[in-house]
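Peer 1: Structure file run.cif, mmCIF, C-alpha atoms, is pasted below:
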```cif
data_protein
#
loop_
_atom_site.label_atom_id
_atom_site.label_comp_id
_atom_site.auth_asym_id
_atom_site.auth_seq_id
_atom_site.Cartn_x
_atom_site.Cartn_y
_atom_site.Cartn_z
CA MET G 28 -0.49 157.72 87.21
CA ASN G 29 -0.61 158.17 83.50
CA GLU G 30 0.99 161.58 83.11
CA LEU G 31 1.67 163.20 79.77
CA PRO G 32 4.30 165.82 78.94
CA LEU G 33 2.86 169.21 78.14
CA SER G 34 4.28 172.50 76.95
CA PHE G 35 2.52 175.78 76.34
CA VAL G 36 3.00 179.50 76.83
CA ALA G 37 1.18 181.35 79.58
CA ASN G 38 1.37 185.15 79.67
CA GLY G 39 4.39 185.04 77.39
CA VAL G 40 6.30 182.57 79.56
CA PRO G 41 6.94 179.01 78.34
CA HIS G 42 5.74 176.32 80.74
CA ARG G 43 6.43 172.59 80.84
CA ALA G 44 4.59 170.12 83.00
CA PHE G 45 3.61 166.49 83.33
CA VAL G 46 -0.14 166.20 83.78
CA GLU G 47 -2.77 163.54 84.07
CA PRO G 48 -5.19 163.82 81.12
CA ARG G 49 -8.09 164.46 83.47
CA LYS G 50 -6.45 167.55 84.94
CA THR G 51 -8.28 170.68 83.85
CA LEU G 52 -6.48 173.64 82.35
CA ALA G 53 -7.59 175.66 85.38
CA ASP G 54 -5.95 173.26 87.84
CA CYS G 55 -2.82 173.10 85.71
CA LEU G 56 -2.50 176.90 85.62
CA ARG G 57 -2.90 177.11 89.37
CA GLU G 58 -0.92 174.08 90.50
CA ASP G 59 1.74 173.62 87.83
CA CYS G 60 2.27 177.23 86.72
CA GLY G 61 1.59 179.02 90.01
CA LEU G 62 -0.93 181.27 88.24
CA THR G 63 -3.43 181.35 91.06
CA GLY G 64 -5.23 184.42 89.73
CA THR G 65 -7.49 182.04 87.84
CA HIS G 66 -10.19 181.00 90.30
CA LEU G 67 -12.37 177.92 90.38
CA GLY G 68 -15.91 178.43 91.58
CA CYS G 69 -18.19 175.70 90.30
CA GLU G 70 -15.78 173.47 88.31
CA HIS G 71 -18.48 172.63 85.81
CA GLY G 72 -18.77 175.58 83.50
CA VAL G 73 -21.48 177.65 85.16
CA CYS G 74 -19.81 180.45 87.13
CA GLY G 75 -17.18 181.83 84.74
CA ALA G 76 -14.60 182.54 87.48
CA CYS G 77 -11.99 180.47 85.61
CA THR G 78 -12.27 182.36 82.30
CA VAL G 79 -8.92 182.65 80.48
CA LEU G 80 -7.85 183.36 76.90
CA VAL G 81 -6.67 180.39 74.86
CA ASP G 82 -5.01 181.63 71.66
CA GLY G 83 -6.75 184.93 72.27
CA VAL G 84 -10.24 183.50 72.74
CA ALA G 85 -12.13 183.61 76.05
CA VAL G 86 -13.00 180.14 77.35
CA ARG G 87 -13.78 178.47 80.63
CA SER G 88 -10.55 176.81 81.77
CA CYS G 89 -12.44 174.28 83.91
CA LEU G 90 -13.99 172.87 80.72
CA MET G 91 -10.69 172.19 78.99
CA PHE G 92 -8.18 169.56 79.86
CA ALA G 93 -4.64 170.83 80.22
CA VAL G 94 -3.42 168.30 77.63
CA GLN G 95 -5.57 170.09 75.06
CA VAL G 96 -3.50 173.29 75.19
CA GLU G 97 -0.28 171.67 74.00
CA GLY G 98 1.43 174.38 71.94
CA ALA G 99 -1.19 177.05 72.74
CA GLU G 100 -0.80 180.55 74.13
CA ILE G 101 -2.76 181.23 77.29
CA THR G 102 -3.48 184.59 78.85
CA THR G 103 -4.68 184.69 82.45
CA VAL G 104 -5.67 187.69 84.53
CA GLU G 105 -2.01 188.05 85.52
CA GLY G 106 -1.15 188.61 81.88
CA LEU G 107 -3.51 191.52 81.22
CA ALA G 108 -1.22 194.19 82.65
CA ALA G 109 2.45 194.66 83.32
CA GLU G 110 3.76 193.53 86.71
CA GLY G 111 2.64 195.92 89.43
CA GLU G 112 0.28 197.84 87.19
CA LEU G 113 -3.44 197.68 86.46
CA GLY G 114 -4.96 197.49 83.01
CA PRO G 115 -7.92 199.69 82.04
CA VAL G 116 -10.50 197.04 82.92
CA GLN G 117 -8.88 196.40 86.30
CA ARG G 118 -8.68 200.11 87.06
CA ALA G 119 -12.34 200.54 86.17
CA PHE G 120 -13.33 197.68 88.49
CA ARG G 121 -11.47 199.40 91.31
CA ASP G 122 -12.89 202.83 90.55
CA GLU G 123 -16.49 201.67 90.20
CA HIS G 124 -16.50 199.25 93.15
CA GLY G 125 -16.89 196.36 90.75
CA LEU G 126 -15.71 193.87 93.36
CA GLN G 127 -16.18 193.01 96.98
CA CYS G 128 -14.73 189.65 97.98
CA GLY G 129 -12.91 189.45 94.66
CA PHE G 130 -13.35 185.75 94.01
CA CYS G 131 -15.25 186.13 90.73
CA THR G 132 -13.25 189.19 89.64
CA PRO G 133 -10.54 187.51 87.53
CA GLY G 134 -13.22 185.84 85.43
CA PHE G 135 -15.13 189.08 84.99
CA VAL G 136 -11.97 191.01 84.14
CA VAL G 137 -10.81 188.50 81.52
CA THR G 138 -14.34 188.27 80.11
CA ALA G 139 -14.69 192.05 79.88
CA HIS G 140 -11.22 192.37 78.37
CA ALA G 141 -12.03 189.82 75.65
CA TYR G 142 -15.45 191.29 74.97
CA LEU G 143 -14.30 194.90 74.72
CA ALA G 144 -11.48 193.93 72.37
CA GLU G 145 -14.14 192.92 69.82
CA HIS G 146 -16.94 195.31 70.87
CA PRO G 147 -15.34 198.65 71.79
CA ASP G 148 -18.62 200.57 72.07
CA PRO G 149 -21.23 198.30 73.63
CA THR G 150 -24.66 199.36 74.86
CA ARG G 151 -25.62 198.63 78.44
CA ASP G 152 -27.80 195.74 77.27
CA GLU G 153 -24.93 194.28 75.30
CA ILE G 154 -22.72 194.50 78.39
CA LEU G 155 -25.34 192.66 80.44
CA GLU G 156 -25.44 189.96 77.79
CA ALA G 157 -21.65 189.71 77.63
CA LEU G 158 -21.43 189.34 81.42
CA SER G 159 -24.31 186.86 81.69
CA GLY G 160 -21.96 183.89 81.82
CA ASN G 161 -20.20 185.11 84.97
CA LEU G 162 -21.65 184.89 88.46
CA CYS G 163 -20.97 187.29 91.34
CA ARG G 164 -22.48 186.66 94.77
CA CYS G 165 -21.45 189.96 96.41
CA THR G 166 -21.99 193.02 94.32
CA GLY G 167 -25.42 192.74 92.73
CA TYR G 168 -23.58 193.39 89.46
CA GLN G 169 -24.30 197.13 89.25
CA GLY G 170 -20.72 198.17 89.96
CA ILE G 171 -19.44 195.55 87.55
CA VAL G 172 -21.62 196.84 84.73
CA ARG G 173 -20.53 200.41 85.45
CA ALA G 174 -16.91 199.25 85.48
CA VAL G 175 -17.23 197.73 82.04
CA GLU G 176 -18.90 200.90 80.75
CA ARG G 177 -16.06 202.97 82.18
CA ALA G 178 -13.40 200.62 80.83
CA ALA G 179 -14.96 200.80 77.37
CA ALA G 180 -14.96 204.60 77.49
CA THR G 181 -11.33 204.91 78.62
CA MET G 182 -10.18 202.37 76.06
CA ARG G 183 -12.03 204.24 73.31
CA ASP G 184 -10.17 207.34 74.43
CA GLY G 185 -6.96 205.45 73.82
CA ILE G 186 -6.00 205.17 77.49
CA THR G 187 -4.39 201.82 78.20
CA MET B 30 -15.57 167.50 91.49
CA LYS B 31 -12.89 166.23 89.15
CA PRO B 32 -13.36 163.78 86.30
CA ALA B 33 -12.37 160.16 86.80
CA ALA B 34 -9.12 159.09 85.17
CA PHE B 35 -9.19 158.26 81.47
CA GLU B 36 -6.79 157.54 78.67
CA TYR B 37 -6.43 160.50 76.32
CA HIS B 38 -6.21 160.21 72.55
CA ALA B 39 -5.56 163.12 70.18
CA PRO B 40 -5.90 161.77 66.63
CA GLU B 41 -5.44 164.07 63.65
CA SER B 42 -7.63 162.40 61.01
CA ILE B 43 -11.20 161.11 60.79
CA ASP B 44 -9.82 157.66 59.94
CA ASP B 45 -7.81 157.62 63.14
CA VAL B 46 -10.81 158.80 65.17
CA VAL B 47 -13.13 156.08 63.90
CA GLY B 48 -10.34 153.54 64.30
CA LEU B 49 -10.10 154.41 67.98
CA LEU B 50 -13.89 154.36 68.37
CA ALA B 51 -14.01 150.92 66.71
CA GLU B 52 -11.25 149.64 68.96
CA HIS B 53 -12.75 150.85 72.24
CA GLY B 54 -16.50 150.80 71.51
CA ASP B 55 -18.68 152.16 74.29
CA GLU B 56 -15.65 152.67 76.55
CA ALA B 57 -14.62 155.57 74.33
CA LYS B 58 -16.20 159.02 73.98
CA PRO B 59 -15.42 161.65 71.37
CA LEU B 60 -14.60 165.02 72.97
CA ALA B 61 -15.77 167.95 70.82
CA GLY B 62 -16.02 171.38 72.50
CA GLY B 63 -16.45 169.78 75.91
CA GLN B 64 -19.02 172.31 77.10
CA SER B 65 -21.47 169.53 77.98
CA LEU B 66 -19.24 166.47 78.20
CA VAL B 67 -16.64 167.92 80.58
CA PRO B 68 -19.27 168.98 83.17
CA MET B 69 -20.81 165.52 82.94
CA LEU B 70 -17.38 163.97 83.52
CA ALA B 71 -16.64 166.39 86.37
CA LEU B 72 -19.96 165.66 88.05
CA ARG B 73 -19.37 161.94 87.45
CA LEU B 74 -22.66 161.71 85.57
CA ALA B 75 -20.59 159.91 82.97
CA ARG B 76 -17.19 158.25 82.83
CA PHE B 77 -15.24 156.72 80.01
CA GLU B 78 -12.02 154.73 79.87
CA HIS B 79 -10.99 156.54 76.70
CA VAL B 80 -11.54 160.13 75.61
CA VAL B 81 -10.93 160.78 71.92
CA ASP B 82 -10.23 164.48 71.42
CA LEU B 83 -11.52 165.77 68.07
CA ASN B 84 -9.89 169.18 68.40
CA ARG B 85 -6.83 168.26 66.34
CA VAL B 86 -8.78 166.97 63.34
CA PRO B 87 -8.87 169.90 60.86
CA ALA B 88 -11.08 167.96 58.40
CA LEU B 89 -13.97 168.19 60.86
CA ALA B 90 -14.21 172.00 60.92
CA GLY B 91 -15.51 174.56 58.46
CA ILE B 92 -18.67 175.85 56.82
CA GLU B 93 -19.35 175.62 53.09
CA ARG B 94 -22.24 176.05 50.68
CA ALA B 95 -22.96 172.81 48.79
CA ASP B 96 -25.88 171.41 46.76
CA GLY B 97 -28.70 173.52 48.13
CA ALA B 98 -27.42 173.19 51.65
CA VAL B 99 -24.98 174.71 54.07
CA ALA B 100 -22.59 172.00 55.18
CA VAL B 101 -21.20 172.58 58.65
CA GLY B 102 -18.29 170.49 59.88
CA ALA B 103 -19.03 168.86 63.21
CA MET B 104 -16.16 170.67 64.97
CA THR B 105 -17.18 174.13 63.76
CA ARG B 106 -17.42 176.39 66.81
CA GLN B 107 -20.84 177.80 67.58
CA ALA B 108 -19.30 181.29 67.57
CA GLU B 109 -18.53 180.79 63.86
CA LEU B 110 -22.25 180.68 63.10
CA GLU B 111 -22.56 184.29 64.22
CA ARG B 112 -19.95 185.62 61.79
CA SER B 113 -19.88 183.19 58.86
CA ASP B 114 -21.07 184.48 55.47
CA ALA B 115 -21.58 180.92 54.27
CA ALA B 116 -23.86 180.13 57.22
CA ALA B 117 -26.07 183.16 56.45
CA ALA B 118 -27.94 181.16 53.78
CA VAL B 119 -29.52 179.24 56.66
CA PRO B 120 -30.79 182.12 58.82
CA LEU B 121 -31.81 179.84 61.69
CA LEU B 122 -28.12 179.21 62.43
CA GLY B 123 -27.36 182.89 62.98
CA LEU B 124 -30.62 183.45 64.86
CA ALA B 125 -29.95 180.59 67.26
CA ALA B 126 -26.26 181.14 67.87
CA PRO B 127 -26.54 184.07 70.31
CA LEU B 128 -28.93 182.01 72.43
CA ILE B 129 -26.52 179.11 72.90
CA GLY B 130 -25.02 179.45 76.37
CA HIS B 131 -22.70 182.45 76.77
CA PHE B 132 -20.04 183.77 74.43
CA GLN B 133 -17.24 181.96 76.24
CA ILE B 134 -19.23 178.73 75.75
CA ARG B 135 -19.80 179.42 72.06
CA ASN B 136 -16.09 180.06 71.54
CA ARG B 137 -15.49 176.45 72.42
CA GLY B 138 -18.78 174.60 71.90
CA THR B 139 -19.30 172.96 68.51
CA VAL B 140 -22.21 172.41 66.14
CA GLY B 141 -21.73 168.66 65.90
CA GLY B 142 -21.10 168.28 69.61
CA SER B 143 -24.34 170.02 70.46
CA ILE B 144 -26.38 167.92 68.04
CA ALA B 145 -24.76 164.63 69.04
CA HIS B 146 -25.24 165.53 72.72
CA ALA B 147 -28.99 165.76 71.95
CA ASP B 148 -30.05 167.96 74.82
CA PRO B 149 -33.82 168.41 74.52
CA ALA B 150 -33.42 172.13 75.29
CA GLY B 151 -30.57 172.61 72.81
CA GLU B 152 -31.06 175.10 70.01
CA LEU B 153 -29.02 173.30 67.35
CA PRO B 154 -30.75 169.91 67.69
CA SER B 155 -34.09 171.70 67.21
CA ILE B 156 -32.84 173.50 64.11
CA ALA B 157 -31.53 170.24 62.65
CA LEU B 158 -34.95 168.73 63.26
CA ALA B 159 -36.92 171.71 61.93
CA LEU B 160 -34.95 171.80 58.69
CA ASP B 161 -34.69 168.03 58.19
CA ALA B 162 -30.92 168.40 58.19
CA GLU B 163 -28.84 165.49 56.94
CA LEU B 164 -26.07 164.20 59.15
CA ASP B 165 -22.94 162.61 57.75
CA VAL B 166 -21.73 159.83 59.99
CA ALA B 167 -18.44 157.96 59.69
CA SER B 168 -17.21 154.65 61.04
CA THR B 169 -14.64 152.07 60.00
CA SER B 170 -17.40 150.54 57.85
CA GLY B 171 -17.65 153.72 55.77
CA THR B 172 -20.01 156.66 55.82
CA ARG B 173 -23.79 156.95 55.98
CA THR B 174 -26.32 159.73 56.07
CA VAL B 175 -28.84 160.03 58.87
CA ALA B 176 -31.91 162.25 58.56
CA ALA B 177 -32.25 164.47 61.64
CA PRO B 178 -35.65 163.01 62.65
CA GLU B 179 -33.98 159.58 62.81
CA LEU B 180 -31.19 160.81 65.08
CA PHE B 181 -32.86 161.71 68.36
CA ALA B 182 -33.79 158.85 70.68
CA GLY B 183 -34.28 160.54 74.06
CA THR B 184 -32.64 162.91 76.51
CA TRP B 185 -28.92 162.92 75.63
CA GLU B 186 -29.52 159.83 73.48
CA THR B 187 -29.11 159.36 69.76
CA THR B 188 -29.34 156.42 67.38
CA LEU B 189 -25.61 156.69 66.58
CA ALA B 190 -23.58 153.64 67.57
CA PRO B 191 -20.62 154.16 69.93
CA GLU B 192 -18.33 153.38 66.97
CA GLU B 193 -19.85 156.12 64.84
CA LEU B 194 -18.75 159.75 64.52
CA LEU B 195 -20.90 162.66 63.38
CA THR B 196 -18.67 164.45 60.87
CA ARG B 197 -20.87 167.02 59.14
CA VAL B 198 -24.36 168.47 59.23
CA ARG B 199 -26.05 169.62 56.03
CA PHE B 200 -28.77 172.21 56.63
CA PRO B 201 -31.07 172.76 53.60
CA VAL B 202 -31.26 176.27 52.16
CA TRP B 203 -34.84 177.54 51.70
CA PRO B 204 -35.83 179.76 48.76
CA ASP B 205 -36.49 183.51 48.84
CA ARG B 206 -39.74 184.57 50.51
CA SER B 207 -38.85 182.40 53.48
CA GLY B 208 -38.53 183.63 57.04
CA PHE B 209 -37.29 182.09 60.25
CA ALA B 210 -37.27 182.68 63.98
CA VAL B 211 -35.94 181.21 67.18
CA GLU B 212 -37.92 182.24 70.22
CA GLU B 213 -37.39 181.02 73.73
CA VAL B 214 -38.01 181.92 77.34
CA ALA B 215 -35.20 181.37 79.84
CA ARG B 216 -34.83 182.62 83.40
CA ARG B 217 -31.50 184.22 82.63
CA TYR B 218 -29.82 185.17 79.39
CA GLY B 219 -27.96 182.09 78.14
CA ASP B 220 -29.67 179.62 80.46
CA PHE B 221 -31.44 176.55 79.19
CA ALA B 222 -34.80 177.56 77.78
CA LEU B 223 -37.90 176.65 79.75
CA ALA B 224 -39.56 176.39 76.36
CA GLY B 225 -38.61 177.47 72.87
CA VAL B 226 -39.21 177.07 69.18
CA ALA B 227 -37.19 177.11 65.99
CA CYS B 228 -39.44 177.74 63.03
CA GLY B 229 -39.53 178.68 59.37
CA VAL B 230 -42.20 179.57 56.83
CA GLU B 231 -42.12 179.90 53.05
CA LEU B 232 -44.70 182.12 51.36
CA ASP B 233 -46.24 182.20 47.89
CA ALA B 234 -46.64 185.47 45.95
CA ASP B 235 -49.94 186.20 47.75
CA GLY B 236 -48.49 185.79 51.24
CA GLY B 237 -49.98 182.33 51.76
CA VAL B 238 -47.86 179.81 53.62
CA VAL B 239 -46.67 177.02 51.32
CA ARG B 240 -44.26 175.38 53.74
CA ALA B 241 -43.78 175.50 57.49
CA ALA B 242 -41.31 173.91 59.89
CA ILE B 243 -41.84 174.09 63.64
CA ALA B 244 -39.53 172.38 66.14
CA LEU B 245 -40.06 172.68 69.89
CA LEU B 246 -37.24 172.70 72.41
CA GLY B 247 -37.35 172.09 76.13
CA LEU B 248 -40.83 170.61 75.91
CA GLY B 249 -40.07 166.89 75.91
CA SER B 250 -37.31 164.33 76.23
CA MET B 251 -35.99 165.37 72.81
CA PRO B 252 -36.59 168.11 70.26
CA LEU B 253 -40.10 167.71 68.86
CA ARG B 254 -41.57 168.51 65.48
CA ALA B 255 -45.02 170.11 65.75
CA SER B 256 -46.48 168.49 62.63
CA ALA B 257 -50.14 169.24 63.35
CA ALA B 258 -49.36 172.93 63.77
CA GLU B 259 -47.33 172.91 60.53
CA ASP B 260 -50.27 171.34 58.66
CA ALA B 261 -52.62 173.90 60.15
CA ILE B 262 -50.67 176.93 58.95
CA VAL B 263 -49.90 175.73 55.42
CA GLY B 264 -52.33 177.09 52.81
CA ARG B 265 -53.32 180.08 54.93
CA VAL B 266 -52.52 183.75 55.29
CA PRO B 267 -52.61 183.48 59.06
CA SER B 268 -54.09 186.17 61.29
CA ALA B 269 -52.88 186.90 64.82
CA GLU B 270 -55.79 184.81 66.16
CA ASP B 271 -54.78 181.95 63.86
CA LEU B 272 -51.23 182.07 65.27
CA THR B 273 -52.51 181.88 68.84
CA GLU B 274 -54.56 178.83 67.87
CA ILE B 275 -51.61 177.26 66.05
CA GLY B 276 -49.47 177.85 69.14
CA ARG B 277 -51.98 175.91 71.21
CA LEU B 278 -52.10 173.17 68.60
CA ALA B 279 -48.31 172.88 68.65
CA ILE B 280 -48.27 171.88 72.31
CA ALA B 281 -51.51 169.88 72.32
CA ASP B 282 -49.74 166.53 72.17
CA VAL B 283 -46.62 167.30 74.20
CA ASP B 284 -46.04 166.33 77.81
CA PRO B 285 -43.48 168.88 79.04
CA PRO B 286 -41.23 167.94 81.96
CA THR B 287 -41.74 169.34 85.46
CA ASP B 288 -38.62 170.29 87.43
CA ILE B 289 -37.44 172.94 89.87
CA HIS B 290 -37.38 175.56 87.11
CA ALA B 291 -40.96 175.20 85.90
CA SER B 292 -43.98 172.93 85.99
CA GLY B 293 -44.90 171.02 82.87
CA GLU B 294 -48.13 172.96 82.67
CA TYR B 295 -46.29 176.29 82.73
CA ARG B 296 -43.81 175.06 80.12
CA GLY B 297 -46.71 174.14 77.87
CA ALA B 298 -48.29 177.57 78.24
CA VAL B 299 -44.97 179.25 77.49
CA GLY B 300 -44.48 176.87 74.55
CA ALA B 301 -47.79 177.86 72.95
CA HIS B 302 -46.87 181.51 73.35
CA VAL B 303 -43.37 181.23 71.88
CA VAL B 304 -44.67 179.27 68.90
CA ALA B 305 -47.17 182.03 68.09
CA ARG B 306 -44.51 184.71 68.61
CA GLY B 307 -41.93 182.78 66.56
CA LEU B 308 -44.32 182.28 63.65
CA GLU B 309 -45.27 185.94 63.72
CA ALA B 310 -41.60 186.94 63.46
CA ALA B 311 -40.90 184.34 60.76
CA LEU B 312 -43.89 185.51 58.68
CA ALA B 313 -42.78 189.13 58.96
CA ARG B 314 -39.26 188.24 57.82
CA ALA B 315 -40.55 186.12 54.94
CA ALA B 316 -42.69 189.01 53.68
CA ALA B 317 -39.93 191.60 54.05
#
```
Just give me the structure of the file as structure tokens.

Peer 2:
Amino acid sequence: MNELPLSFVANGVPHRAFVEPRKTLADCLREDCGLTGTHLGCEHGVCGACTVLVDGVAVRSCLMFAVQVEGAEITTVEGLAAEGELGPVQRAFRDEHGLQCGFCTPGFVVTAHAYLAEHPDPTRDEILEALSGNLCRCTGYQGIVRAVERAAATMRDGIT
Amino acid sequence: MKPAAFEYHAPESIDDVVGLLAEHGDEAKPLAGGQSLVPMLALRLARFEHVVDLNRVPALAGIERADGAVAVGAMTRQAELERSDAAAAVPLLGLAAPLIGHFQIRNRGTVGGSIAHADPAGELPSIALALDAELDVASTSGTRTVAAPELFAGTWETTLAPEELLTRVRFPVWPDRSGFAVEEVARRYGDFALAGVACGVELDADGGVVRAAIALLGLGSMPLRASAAEDAIVGRVPSAEDLTEIGRLAIADVDPPTDIHASGEYRGAVGAHVVARGLEAALARAAA
């Protein structure tokens, strides 16, 4: 096994690991960092469940190798709110029934968080477009779209 | 699925990249944004002994205006095309960018990676073809320039040698009174287009077309230039009926693929329609 040393920061916490180059960032977060909030649906970049922020930018963590984040700062769904609390996007998903089984939810929440940070007042069509890279097999998406609308409104009101 | 094991290289200069490519030949693959390559590795559609990561080579990224062209470094993220002032001189870049995958894909996916990957339904390969972009290619033997029409060889195939690296793409800037459009039909926002077009027109003072560029995507094994349709529109002030006819002409010689998403016949019909719609939008923008 040709493992390489790796160090990066995830949710403000420094992590060190030895990883094979072929190990994806998603697998590294789950297996080496214990951050199992990041889910793997398709493992080839289609479903969006594994979306995380790398240096503040939303990406699919199944399409990056862990060795590529040497020195980077990662934010996963666990890092979006303080321990034991819910952030505004998470609260909106709960309030609007934006989840059922919950498998896709971390990807949607991270995606919505990243999108709303840059687009605080999106139209419904823009929300649909922003969410188009994430798949949900339970909800039919209506609750998810409402959740993002509600999250945008509460964040515009300065509620965090 | 997980990728097969490989040796990982993270060079920091173009010289080091091409050195590694020369050393390992077709056993090595440059890794750009990874939005196409990593799925292919994960699905075991491809495997390489050596992966040469380009993400730590700063010289490969950036957009600048130079000599009547917009020069885009191969590792420039697709998302940059949506917000770059320098890229605005080539409107097709900004028009196409929102149609490339989803925003999380564009945050990572690169301009050079998309063109070198040569997906026949890719937006950026079609734009490179439509505009006769020039591609700067490096190897240990030096650098050379490849004209976009000479690049594409088939589905996911280019004429670049395994030892060569695409470093920069130069998209020509068209004069004022030009207009452009990217039109496509996909089943879902961000999906691969069933059929699409990237096109541009340049008008004279009377509204007549003096230059046209039409590149089809998703309608063959590689992006296709619709030369007969371009010839048919030049010299005219086209009517709506003319555009419908030019749309039909554009797909007259293509043999679109049939797969689970659409029959070849349907793709052709959609192709004719998007060409007409794209030209209509391009003409309106050129006249504005």

Peer 1: List as an mmCIF file with C-alpha atoms, keeping the file's coordinate frame the protein and nucleic acid residues near segment 60-66 of chain G, meaning an atom at most 10 Å away when all atoms listed in the file are counted, but skip any in the same chain fewer than 2 places from it.

Peer 2:
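Written output follows (part.cif):
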```cif
data_model
loop_
_atom_site.group_PDB
_atom_site.id
_atom_site.type_symbol
_atom_site.label_atom_id
_atom_site.label_comp_id
_atom_site.auth_asym_id
_atom_site.auth_seq_id
_atom_site.Cartn_x
_atom_site.Cartn_y
_atom_site.Cartn_z
ATOM 1 C CA ALA G 37 1.180 181.350 79.580
ATOM 2 C CA ASN G 38 1.370 185.150 79.670
ATOM 3 C CA VAL G 40 6.300 182.570 79.560
ATOM 4 C CA PRO G 41 6.940 179.010 78.340
ATOM 5 C CA HIS G 42 5.740 176.320 80.740
ATOM 6 C CA ARG G 43 6.430 172.590 80.840
ATOM 7 C CA ALA G 44 4.590 170.120 83.000
ATOM 8 C CA ALA G 53 -7.590 175.660 85.380
ATOM 9 C CA ASP G 54 -5.950 173.260 87.840
ATOM 10 C CA CYS G 55 -2.820 173.100 85.710
ATOM 11 C CA LEU G 56 -2.500 176.900 85.620
ATOM 12 C CA ARG G 57 -2.900 177.110 89.370
ATOM 13 C CA GLU G 58 -0.920 174.080 90.500
ATOM 14 C CA GLY G 68 -15.910 178.430 91.580
ATOM 15 C CA CYS G 69 -18.190 175.700 90.300
ATOM 16 C CA GLU G 70 -15.780 173.470 88.310
ATOM 17 C CA GLY G 75 -17.180 181.830 84.740
ATOM 18 C CA ALA G 76 -14.600 182.540 87.480
ATOM 19 C CA CYS G 77 -11.990 180.470 85.610
ATOM 20 C CA THR G 78 -12.270 182.360 82.300
ATOM 21 C CA VAL G 79 -8.920 182.650 80.480
ATOM 22 C CA SER G 88 -10.550 176.810 81.770
ATOM 23 C CA CYS G 89 -12.440 174.280 83.910
ATOM 24 C CA THR G 103 -4.680 184.690 82.450
ATOM 25 C CA VAL G 104 -5.670 187.690 84.530
ATOM 26 C CA GLU G 105 -2.010 188.050 85.520
ATOM 27 C CA GLY G 106 -1.150 188.610 81.880
ATOM 28 C CA GLY G 129 -12.910 189.450 94.660
ATOM 29 C CA PHE G 130 -13.350 185.750 94.010
ATOM 30 C CA CYS G 131 -15.250 186.130 90.730
ATOM 31 C CA THR G 132 -13.250 189.190 89.640
ATOM 32 C CA PRO G 133 -10.540 187.510 87.530
ATOM 33 C CA GLY G 134 -13.220 185.840 85.430
ATOM 34 C CA VAL G 137 -10.810 188.500 81.520
#
```

Peer 1: What is the atom CA of Met251 of chain B to atom CA of Gly54 of chain B distance in Å?

Peer 2: 24.4 Å

Peer 1: Define the interface residues of chain G facing chain B as those within 10 Å, counting only C-alpha atoms, and report them as a PyMOL selection string.

Peer 2: chain G and resi 28-31+47-51+54+69-73+75+78-81+84-87+89-92+94-95+138+141-142+155-161

Peer 1: Hey, can I get the axis-aligned box for segment 50-68 of chain G? All listed atoms, 5 Å padding on each side, centre and edge lengths in Å to one decimal, as JSON.

Peer 2:
```
{"center_x": -6.8, "center_y": 176.0, "center_z": 87.0, "size_x": 28.2, "size_y": 26.9, "size_z": 19.2}
```

Peer 1: So which residues get picked by the PyMOL selection byres ((chain G and resi 116) around 12) here, written as a short mmCIF file (atom, residue, chain, number, x, y, z; two decimals) with C-alpha atoms, in the frame of the given file?

Peer 2:
```
data_model
loop_
_atom_site.label_atom_id
_atom_site.label_comp_id
_atom_site.auth_asym_id
_atom_site.auth_seq_id
_atom_site.Cartn_x
_atom_site.Cartn_y
_atom_site.Cartn_z
CA VAL G 104 -5.67 187.69 84.53
CA LEU G 107 -3.51 191.52 81.22
CA ALA G 108 -1.22 194.19 82.65
CA GLU G 112 0.28 197.84 87.19
CA LEU G 113 -3.44 197.68 86.46
CA GLY G 114 -4.96 197.49 83.01
CA PRO G 115 -7.92 199.69 82.04
CA GLN G 117 -8.88 196.40 86.30
CA ARG G 118 -8.68 200.11 87.06
CA ALA G 119 -12.34 200.54 86.17
CA PHE G 120 -13.33 197.68 88.49
CA ARG G 121 -11.47 199.40 91.31
CA ASP G 122 -12.89 202.83 90.55
CA GLU G 123 -16.49 201.67 90.20
CA GLY G 125 -16.89 196.36 90.75
CA THR G 132 -13.25 189.19 89.64
CA PRO G 133 -10.54 187.51 87.53
CA GLY G 134 -13.22 185.84 85.43
CA PHE G 135 -15.13 189.08 84.99
CA VAL G 136 -11.97 191.01 84.14
CA VAL G 137 -10.81 188.50 81.52
CA THR G 138 -14.34 188.27 80.11
CA ALA G 139 -14.69 192.05 79.88
CA HIS G 140 -11.22 192.37 78.37
CA ALA G 141 -12.03 189.82 75.65
CA TYR G 142 -15.45 191.29 74.97
CA LEU G 143 -14.30 194.90 74.72
CA ALA G 144 -11.48 193.93 72.37
CA ILE G 171 -19.44 195.55 87.55
CA VAL G 172 -21.62 196.84 84.73
CA ARG G 173 -20.53 200.41 85.45
CA ALA G 174 -16.91 199.25 85.48
CA VAL G 175 -17.23 197.73 82.04
CA GLU G 176 -18.90 200.90 80.75
CA ARG G 177 -16.06 202.97 82.18
CA ALA G 178 -13.40 200.62 80.83
CA ALA G 179 -14.96 200.80 77.37
CA ALA G 180 -14.96 204.60 77.49
CA THR G 181 -11.33 204.91 78.62
CA MET G 182 -10.18 202.37 76.06
CA ILE G 186 -6.00 205.17 77.49
CA THR G 187 -4.39 201.82 78.20
#
```

Peer 1: Given all atoms listed in the file as the basis, pick out the residue of G:Phe35, G:Pro149, G:Asp184, G:Thr166 nearest to Glu97 of chain G.

Peer 2: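 Between G:Phe35, G:Pro149, G:Asp184, G:Thr166, the residue approaching Glu97 of chain G most closely is G:Phe35.
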
Peer 1: Just how far from atom CA of Ser113 of chain B is atom CA of Ser155 of chain B, in Å to one decimal?

Peer 2: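 Atom-to-atom, atom CA of Ser155 of chain B and atom CA of Ser113 of chain B are spaced 20.1 Å apart.
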